Amino acid sequence: MIDKELLDILACPETKEPVHLAEAEMLTALNDRIERGEVKNRAGKTVEAKIDGGLVREDGAYLYPIEDEIPIMLIDEAIPLK
C-alpha cells in the first residue's frame with residue numbers, strides 16, 4: 001500500500017493532474033483484459049504481467065501501475081483506460 005503522504009504529492013508526469021488509487025473492481029477488470037492480451041501501454045507494448053495496484057489520473061484516462069509497492073510514473077508505462 002502506498003503511503004498517504006506520498007500519494008498526496010504524486011501527480012501525472014504529463015499533465016501534473018493528481019492521481020488516486022485504483023479501485024479493486026477496476027483492477028480486476030483490467031487484469032482480466034491483460035490475461036486475454038488486450039492491454040497495451042502508451043508505448044504500444046502489450047502488458048503481460050497482472051497488476052496488483054495502480055494510480056489513476058484524475059481525468060480517468062490513464063493508470064500508472066504499482067509494482068512491488070513502487071508507483072511506475074513513466075508516461076510510456078501508463079495504461080490507457082478510455
# chains A, B, ... in the order shown; residues from 1 in each chain; ligands from 1
call {"tool": "residues_around", "arguments": {"residues": "Arg33 in chain A", "least_positions_apart": "4", "cutoff": "12 Å", "atoms": "only C-alpha atoms", "output": "MDAnalysis selection string"}}
result
chainID A and resid 26:29 37:40 46:51 79 81
call {"tool": "atom_distance", "arguments": {"atom1": "CA of Ile72 in chain A", "atom2": "CA of Asn41 in chain A"}}
result
12.0 Å
call {"tool": "select_by_dssp", "arguments": {"residues": "chain A", "states": "strand (DSSP E or B)", "output": "ChimeraX atom specification"}}
result
/A:11,18-21,40,46,54-57,62-67,70-71,79-80
call {"tool": "select_by_dssp", "arguments": {"residues": "chain A", "states": "helix (DSSP H, G or I)", "output": "MDAnalysis selection string"}}
result
chainID A and resid 4:9 24:35 75:77
call {"tool": "closest_residue", "arguments": {"among": "A:Ala24, A:Lys45, A:Val19, A:Leu6", "to": "Leu63 in chain A", "atoms": "only C-alpha atoms"}}
result
A:Val19
call {"tool": "atom_distance", "arguments": {"atom1": "CA of Arg57 in chain A", "atom2": "CA of Asp76 in chain A"}}
result
14.1 Å
call {"tool": "atom_distance", "arguments": {"atom1": "CA of Val56 in chain A", "atom2": "CA of Asp32 in chain A"}}
result
17.6 Å
call {"tool": "closest_residue", "arguments": {"among": "A:Leu21, A:Lys16, A:Leu30, A:Glu35", "to": "Glu69 in chain A", "atoms": "only C-alpha atoms"}}
result
A:Leu21
